[in-house]
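Content type compact mmCIF, C-alpha atoms and all ligand atoms, from the file structure-v8.txt:
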```
# COMPACT_ATOMS: atom_id res chain seq x y z
CA MET A 1 128.18 116.45 131.00
CA PHE A 2 129.29 113.52 128.89
CA VAL A 3 132.97 112.61 128.79
CA ILE A 4 134.18 110.32 126.02
CA ILE A 5 137.73 109.00 126.16
CA LYS A 6 139.40 107.83 122.95
CA ASP A 7 142.78 106.24 122.34
CA ASP A 8 144.42 109.09 120.47
CA TYR A 9 144.05 112.38 118.65
CA GLU A 10 142.81 110.80 115.41
CA ALA A 11 140.07 108.98 117.29
CA VAL A 12 139.07 112.21 119.09
CA SER A 13 138.80 114.00 115.74
CA LEU A 14 136.70 111.23 114.23
CA GLU A 15 134.36 111.02 117.21
CA ALA A 16 133.90 114.80 117.22
CA ALA A 17 133.16 114.69 113.47
CA LYS A 18 130.52 112.05 114.11
CA LEU A 19 128.77 114.32 116.59
CA VAL A 20 128.90 117.34 114.26
CA THR A 21 127.65 115.21 111.35
CA ASP A 22 124.78 113.89 113.45
CA ARG A 23 123.69 117.40 114.47
CA LEU A 24 124.00 118.65 110.89
CA ARG A 25 121.92 115.74 109.66
CA ARG A 26 119.20 116.60 112.15
CA LYS A 27 119.35 120.32 111.36
CA PRO A 28 120.89 121.26 107.98
CA ASN A 29 120.72 124.99 108.87
CA LEU A 30 122.76 124.41 112.04
CA VAL A 31 124.19 127.49 113.77
CA LEU A 32 127.68 126.24 114.48
CA GLY A 33 130.25 127.90 116.72
CA LEU A 34 133.80 127.15 115.60
CA ALA A 35 137.21 127.20 117.23
CA THR A 36 140.81 127.60 116.10
CA GLY A 37 144.12 126.22 117.39
CA SER A 38 145.82 122.91 116.69
CA THR A 39 143.17 120.74 118.32
CA PRO A 40 140.29 121.18 115.84
CA LEU A 41 142.50 120.60 112.77
CA GLY A 42 141.83 116.84 112.71
CA LEU A 43 138.10 117.43 113.09
CA TYR A 44 138.14 119.95 110.24
CA ARG A 45 140.09 117.50 108.04
CA GLU A 46 137.47 114.84 108.73
CA LEU A 47 134.59 117.24 108.01
CA ILE A 48 136.24 118.15 104.70
CA ARG A 49 136.56 114.45 103.86
CA ARG A 50 132.90 113.95 104.70
CA HIS A 51 131.99 116.95 102.56
CA GLN A 52 133.78 115.28 99.66
CA LEU A 53 131.55 112.27 100.30
CA GLY A 54 128.47 114.49 100.13
CA LEU A 55 128.01 116.09 103.55
CA ASP A 56 126.30 119.40 102.89
CA PHE A 57 127.23 122.63 104.69
CA SER A 58 125.39 125.03 102.38
CA LYS A 59 122.77 126.03 104.95
CA ILE A 60 124.94 126.43 108.04
CA THR A 61 125.65 129.70 109.82
CA THR A 62 128.96 129.89 111.68
CA PHE A 63 130.42 132.05 114.41
CA ASN A 64 134.06 131.82 115.44
CA LEU A 65 135.03 132.16 119.06
CA ASP A 66 137.77 134.75 118.85
CA GLU A 67 140.31 136.78 116.88
CA TYR A 68 143.57 138.58 117.67
CA VAL A 69 143.39 142.37 117.93
CA GLY A 70 145.59 144.14 115.41
CA LEU A 71 145.97 141.36 112.86
CA PRO A 72 144.48 142.04 109.44
CA ARG A 73 142.43 139.22 107.95
CA THR A 74 145.21 138.56 105.46
CA HIS A 75 147.78 137.92 108.21
CA GLU A 76 148.76 134.28 108.16
CA GLN A 77 148.14 133.92 111.90
CA SER A 78 144.75 135.62 111.89
CA TYR A 79 141.93 133.29 112.80
CA TYR A 80 140.14 134.50 109.68
CA ARG A 81 142.96 133.06 107.56
CA PHE A 82 143.07 129.94 109.72
CA MET A 83 139.38 129.24 109.13
CA TRP A 84 139.54 129.80 105.38
CA ASP A 85 142.74 127.78 104.97
CA ASN A 86 141.67 124.89 107.16
CA LEU A 87 137.92 124.64 106.62
CA PHE A 88 135.88 127.15 104.66
CA SER A 89 137.82 126.95 101.39
CA HIS A 90 137.18 123.21 101.33
CA ILE A 91 133.47 122.95 102.19
CA ASN A 92 130.37 124.57 100.75
CA ALA A 93 129.46 126.90 103.64
CA ASN A 94 127.91 130.11 102.35
CA PRO A 95 130.40 132.95 103.05
CA ARG A 96 127.44 135.27 103.76
CA TYR A 97 126.67 133.22 106.86
CA VAL A 98 130.24 132.94 108.12
CA HIS A 99 131.01 135.26 111.06
CA ILE A 100 134.51 135.95 112.39
CA LEU A 101 135.34 138.84 114.70
CA ASP A 102 137.40 141.57 113.03
CA GLY A 103 140.64 142.22 114.92
CA MET A 104 141.12 145.48 112.98
CA THR A 105 137.81 147.04 114.01
CA THR A 106 138.04 150.70 114.94
CA ASP A 107 135.17 150.47 117.41
CA ILE A 108 135.67 147.41 119.56
CA ASN A 109 132.60 147.84 121.76
CA ALA A 110 130.22 148.39 118.85
CA HIS A 111 131.76 145.48 116.97
CA CYS A 112 131.38 143.11 119.94
CA GLU A 113 127.75 144.19 120.41
CA TRP A 114 127.12 143.62 116.72
CA TYR A 115 128.53 140.09 117.06
CA GLU A 116 126.22 139.28 119.96
CA ASP A 117 123.28 140.66 117.95
CA GLU A 118 124.18 138.51 114.95
CA ILE A 119 124.24 135.40 117.15
CA ARG A 120 120.83 136.34 118.55
CA LYS A 121 119.42 137.07 115.08
CA ALA A 122 120.61 133.66 113.88
CA GLY A 123 118.50 132.12 116.67
CA GLY A 124 121.46 131.41 118.98
CA LEU A 125 124.26 128.88 118.67
CA ASP A 126 123.07 125.30 118.25
CA LEU A 127 126.46 123.71 118.81
CA GLN A 128 129.63 125.42 120.00
CA LEU A 129 132.97 123.70 119.49
CA LEU A 130 135.62 124.47 122.13
CA GLY A 131 139.27 123.75 122.71
CA ILE A 132 140.82 124.31 126.13
CA GLY A 133 143.97 126.20 127.01
CA ALA A 134 146.60 124.57 129.22
CA ASN A 135 145.60 127.30 131.70
CA GLY A 136 141.91 126.31 131.54
CA HIS A 137 140.75 129.06 129.20
CA ILE A 138 137.92 128.64 126.70
CA ALA A 139 138.08 130.88 123.65
CA PHE A 140 140.29 133.71 124.96
CA ASN A 141 138.51 133.84 128.30
CA GLU A 142 141.59 133.69 130.43
CA PRO A 143 141.62 132.64 134.12
CA GLY A 144 139.69 135.19 136.16
CA SER A 145 137.24 135.97 133.34
CA SER A 146 133.74 136.63 134.53
CA LEU A 147 131.66 133.51 134.10
CA GLY A 148 128.85 135.76 132.82
CA SER A 149 130.99 137.70 130.34
CA ARG A 150 129.91 138.65 126.82
CA THR A 151 131.92 139.23 123.63
CA ARG A 152 134.64 141.77 124.45
CA VAL A 153 138.36 142.49 124.34
CA LYS A 154 140.65 140.50 126.65
CA THR A 155 144.33 140.82 127.52
CA LEU A 156 146.11 137.56 126.77
CA THR A 157 148.04 136.03 129.67
CA PRO A 158 151.78 135.36 129.35
CA THR A 159 150.97 131.59 129.41
CA THR A 160 148.66 131.84 126.43
CA ARG A 161 151.10 134.04 124.51
CA GLU A 162 153.86 131.53 125.30
CA ASP A 163 151.64 128.64 124.12
CA ASN A 164 150.95 130.41 120.84
CA ALA A 165 154.49 131.72 120.29
CA ARG A 166 155.20 128.61 118.16
CA PHE A 167 152.83 129.91 115.50
CA PHE A 168 154.31 133.40 115.43
CA GLY A 169 158.00 132.55 115.67
CA GLY A 170 158.48 134.12 119.11
CA ILE A 171 156.40 135.44 122.00
CA ASP A 172 157.18 139.06 121.10
CA LYS A 173 155.22 138.68 117.90
CA VAL A 174 152.09 137.30 119.60
CA PRO A 175 149.40 139.99 119.94
CA ARG A 176 148.63 141.16 123.47
CA TYR A 177 144.87 141.45 123.05
CA ALA A 178 142.09 139.45 121.50
CA LEU A 179 138.39 139.79 120.86
CA THR A 180 136.51 136.83 122.26
CA MET A 181 133.04 135.53 122.83
CA GLY A 182 132.38 135.68 126.57
CA VAL A 183 131.87 132.73 128.87
CA GLY A 184 128.21 133.78 129.12
CA THR A 185 127.93 133.87 125.32
CA VAL A 186 129.38 130.36 125.06
CA MET A 187 127.09 129.06 127.82
CA GLU A 188 124.01 130.18 125.90
CA ALA A 189 124.82 127.75 123.10
CA LYS A 190 122.29 124.93 123.11
CA GLU A 191 125.08 122.38 123.07
CA LEU A 192 128.84 122.40 123.75
CA LEU A 193 131.50 120.11 122.34
CA LEU A 194 134.93 120.44 123.99
CA ILE A 195 137.84 118.52 122.51
CA ALA A 196 141.38 118.13 123.85
CA SER A 197 144.37 115.94 123.29
CA GLY A 198 147.75 115.32 124.87
CA GLU A 199 149.39 115.26 128.28
CA GLY A 200 149.76 119.04 128.24
CA LYS A 201 145.99 119.38 128.63
CA ALA A 202 145.55 116.75 131.36
CA GLU A 203 145.60 119.17 134.29
CA ALA A 204 143.26 121.66 132.58
CA ILE A 205 140.86 118.81 131.76
CA ARG A 206 140.97 117.52 135.33
CA ALA A 207 140.22 120.98 136.68
CA ALA A 208 137.47 121.63 134.11
CA VAL A 209 135.71 118.28 134.42
CA GLU A 210 136.24 117.27 138.04
CA GLY A 211 137.55 120.37 139.80
CA PRO A 212 135.43 122.99 141.54
CA LEU A 213 133.58 125.53 139.43
CA THR A 214 135.78 128.61 139.38
CA ALA A 215 136.51 131.64 137.23
CA MET A 216 140.18 130.69 137.60
CA VAL A 217 139.40 127.75 135.29
CA PRO A 218 136.86 129.23 132.90
CA ALA A 219 136.35 125.82 131.24
CA SER A 220 134.93 124.48 134.54
CA ILE A 221 131.71 126.36 133.65
CA ILE A 222 130.85 123.49 131.32
CA GLN A 223 129.82 121.60 134.45
CA MET A 224 126.83 123.96 134.54
CA HIS A 225 125.80 123.39 130.91
CA ARG A 226 122.78 121.22 130.30
CA LYS A 227 124.22 119.56 127.20
CA ALA A 228 128.00 119.42 127.08
CA THR A 229 130.17 116.68 125.61
CA VAL A 230 133.91 116.44 126.24
CA ILE A 231 135.85 114.24 123.83
CA ILE A 232 139.49 113.71 124.81
CA ASP A 233 142.28 111.24 124.27
CA LYS A 234 143.77 109.03 126.98
CA ALA A 235 146.69 111.40 127.53
CA ALA A 236 144.39 114.38 128.18
CA ALA A 237 142.22 112.13 130.40
CA SER A 238 145.16 110.81 132.41
CA LYS A 239 144.37 112.87 135.53
CA LEU A 240 140.63 112.12 135.66
CA GLN A 241 139.30 109.94 138.47
CA GLY A 242 135.79 109.16 137.22
CA GLU A 243 134.63 106.39 134.91
CA TYR A 244 133.62 107.57 131.48
CA ALA A 245 132.21 106.30 128.20
CA GLU A 246 134.29 105.31 125.19
CA THR A 247 131.93 106.23 122.37
CA LEU A 248 129.12 108.63 121.59
CA GLU A 249 126.91 105.61 121.02
CA ASP A 250 127.71 104.31 124.53
CA ALA A 251 126.79 107.69 125.94
CA MET A 252 123.63 107.59 123.75
CA LEU A 253 124.63 110.89 122.20
CA ILE A 254 124.16 109.80 118.63
CA HIS A 255 121.98 107.18 117.17
CA PRO A 256 122.03 105.55 114.90
CA PRO A 257 125.80 105.68 114.34
CA THR A 258 126.67 107.76 111.29
CA SER A 259 128.00 105.51 108.55
CA GLU A 260 129.74 106.73 105.38
CA ALA A 261 126.69 105.60 103.38
CA GLU A 262 124.46 107.79 105.54
CA ILE A 263 126.70 110.80 105.00
CA ALA A 264 126.51 110.31 101.25
CA ALA A 265 122.71 109.88 101.45
CA GLN A 266 122.44 113.13 103.36
CA GLY A 267 124.35 114.92 100.60
CA ASP A 268 122.00 113.44 98.00
CA GLN A 269 118.98 114.56 100.00
CA ALA A 270 120.33 118.09 100.44
CA ASN A 271 121.18 118.37 96.76
CA SER A 272 117.85 117.04 95.48
P1 LIG B 301 145.23 124.37 120.95
O1 LIG B 301 144.54 125.61 121.70
O2 LIG B 301 144.11 123.65 120.27
O3 LIG B 301 146.19 124.98 119.99
O4 LIG B 301 145.88 123.55 122.01
C1 LIG B 301 143.37 125.42 122.42
C2 LIG B 301 142.99 126.70 123.15
O5 LIG B 301 143.89 127.47 123.53
O6 LIG B 301 141.79 126.92 123.35
```
As a first step, turn the structure in this file into structure tokens.
Amino acid sequence: MFVIIKDDYEAVSLEAAKLVTDRLRRKPNLVLGLATGSTPLGLYRELIRRHQLGLDFSKITTFNLDEYVGLPRTHEQSYYRFMWDNLFSHINANPRYVHILDGMTTDINAHCEWYEDEIRKAGGLDLQLLGIGANGHIAFNEPGSSLGSRTRVKTLTPTTREDNARFFGGIDKVPRYALTMGVGTVMEAKELLLIASGEGKAEAIRAAVEGPLTAMVPASIIQMHRKATVIIDKAAASKLQGEYAETLEDAMLIHPPTSEAEIAAQGDQANS
């Protein structure tokens, strides 16, 4: 596992965008797992800016981690809406290759199996982006989730509903259930990129990166992944004991560094 510590949220977003750009440059038809929440917003803004410079998303396939049960896609807090508002409407991803779980499905088990099949048919996830809950969850795999779990329905914990109450205007309005990729599904991605920022994530990051592997901190499973990168700011890193790199280049995770000129050249190449 590589841990990269940046000064602040903006620097985390930029560093994460560099990694995504690098992987996209190496594989234009990247199968990219995406996340929602406040943390990836800066990364998505930077990817949109890079798209405006020429970064091409036309060949990517995407899979989102999770979706609330009972929210129609038009609901302003649905993750479907989140993804279109904050990313897909602003880049040239092909909507045919965008996958987001449907929280209104009438057959949850069949729908979750279909999702797993689609991931398999796409050749598996090349890169999965992850946030982390203050309680150590990844996607909506709450503490106690089986570390081998597949896409399924999960009951949200009071902590998670409390954390997300700010988006809904009160905990009572936060759905009680969500569909989520399983920990096992996430672990099959060829590469993981976990990002976090702020003091409120420091304990979860400590437990995930340096604590024992446990289902009570589902994010600690990343210690078992063969290619996982954690990019966090100093506040989120404040409880870590180890010594870690400051840049992807230092950790030899991208080379050469991705310059703006290279992004534009990639767009030209893809469009020619
Ligand atoms: P956040 O959520 O980015 O809104 O903090 C992360 C998560 O719960 O996975």
Handout entry: Test item: residues lying within 6 Å of ligand LIG 301 (chain B) with all atoms listed in the file, as a ChimeraX atom specification
Key = /A:37-39,131-133,138-139
Exercise for the section: Rank nothing, just name the residue among A:Ser238, A:Ser78, A:Ser197, A:Gln128 nearest to A:Ser13, using only C-alpha atoms. Expected result: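 Closest to A:Ser13 of all the choices is A:Ser197.
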Handout entry: A:Ser58 environment, 10 Å, only C-alpha atoms, sequence neighbours closer than 4 positions dropped, as a PyMOL selection string
Key = chain A and resi 28-29+91-95+97+270-271
Problem - Contacts of A:Phe2 within 9 Å, all atoms listed in the file, excl. fewer than 3 positions in-chain, as a PyMOL selection string - result: chain A and resi 227-231+244-245+248+251+253
Contacts of stretch 168-233 of chain A with stretch 21-24 of chain A up to 12 Å, shortest pair per row, all atoms listed in the file, as a tab-separated table:
```
residue	atom	partner	partner_atom	distance
A:Lys190	CA	A:Arg23	CA	11.5
A:Glu191	CA	A:Arg23	CA	10.0
A:Leu192	CA	A:Arg23	CA	11.7
A:Leu193	CA	A:Arg23	CA	11.4
```
Practice task
Identify, on the basis of only C-alpha atoms, every residue whose closest approach to stretch 66-76 of chain A does not exceed 8 Å; exclude the query and any residue fewer than 4 positions from it along the same chain; express the result as a PyMOL selection string.
Solution key: chain A and resi 35+80-82+100-104+139-140+175-181
Problem - Residues near A:Met252, cut-off 12 Å, only C-alpha atoms, skip fewer than 2 positions along chain, as a PyMOL selection string - result: chain A and resi 2-4+19+229+245-250+254-257
Practice task
Just give me the residues with any atom within 6 Å of (135.5, 110.5, 135.7), file coordinates, counting only C-alpha atoms, written as number ranges by chain.
Solution key: A: 240-244
Generate a file of the selected residues that holds C-alpha atoms, formatted as a compact mmCIF listing (two decimals), keeping the file's coordinate frame.
```
# COMPACT_ATOMS: atom_id res chain seq x y z
CA LEU A 240 140.63 112.12 135.66
CA GLN A 241 139.30 109.94 138.47
CA GLY A 242 135.79 109.16 137.22
CA GLU A 243 134.63 106.39 134.91
CA TYR A 244 133.62 107.57 131.48
```
Practice task
Measure the distance from atom CA of A:Thr36 to atom CA of A:Glu199 in Å and round it to one decimal.
Solution key: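 Going from atom CA of A:Thr36 over to atom CA of A:Glu199 covers 19.3 Å.
From atom CA of A:Glu116 back to atom CA of A:Lys173, the distance works out to 29.1 Å.
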Exercise for the section: Mind checking which residues fall within 8 Å of A:Thr62, counting only C-alpha atoms, ignoring those fewer than 3 positions away in the same chain, and posting them as a ChimeraX atom specification? Expected result: /A:31-34,97-99
Handout entry: Atom-to-atom span, atom CA of A:Arg120 and atom CA of A:Ala196, Å
Key =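 Computing it gives 28.0 Å between the two atoms.
With all atoms listed in the file as the basis for measurement, A:Ala11 is the residue among A:Val153, A:Cys112, A:Leu41, A:Ala11 that approaches A:Ile232 most closely.
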Practice task
Compare A:Pro143, A:Gly182, A:Gly136, A:Gly170 by their minimum atom-to-atom distance to A:Ala219, counting all atoms listed in the file, and give me the closest one.
Solution key: A:Gly136
Practice task
Could you give me, as a PyMOL selection string, the residues that have an atom at most 10 Å away from the point (120.8, 130.0, 125.8) in the coordinates of the file, using all atoms listed in the file?
Solution key: chain A and resi 120+123-126+184-191+225
Practice task
May I ask which of the residues A:Ala165, A:Ile205, A:Val183, A:Asp107 is the closest one to A:Met224, counting only C-alpha atoms?
Solution key: A:Val183
Might I get the box with edges along x, y and z of the file that holds all atoms of stretch 10-16 of chain A listed there, padded by 8 Å on every side, given as centre and edge lengths in Å to one decimal, as JSON?
```
{"center_x": 138.4, "center_y": 111.9, "center_z": 116.7, "size_x": 24.9, "size_y": 21.8, "size_z": 20.9}
```
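Counting all atoms listed in the file, the residue from A:Val174, A:Ala207, A:Leu53, A:Leu43 that sits nearest to A:Val12 is A:Leu43.
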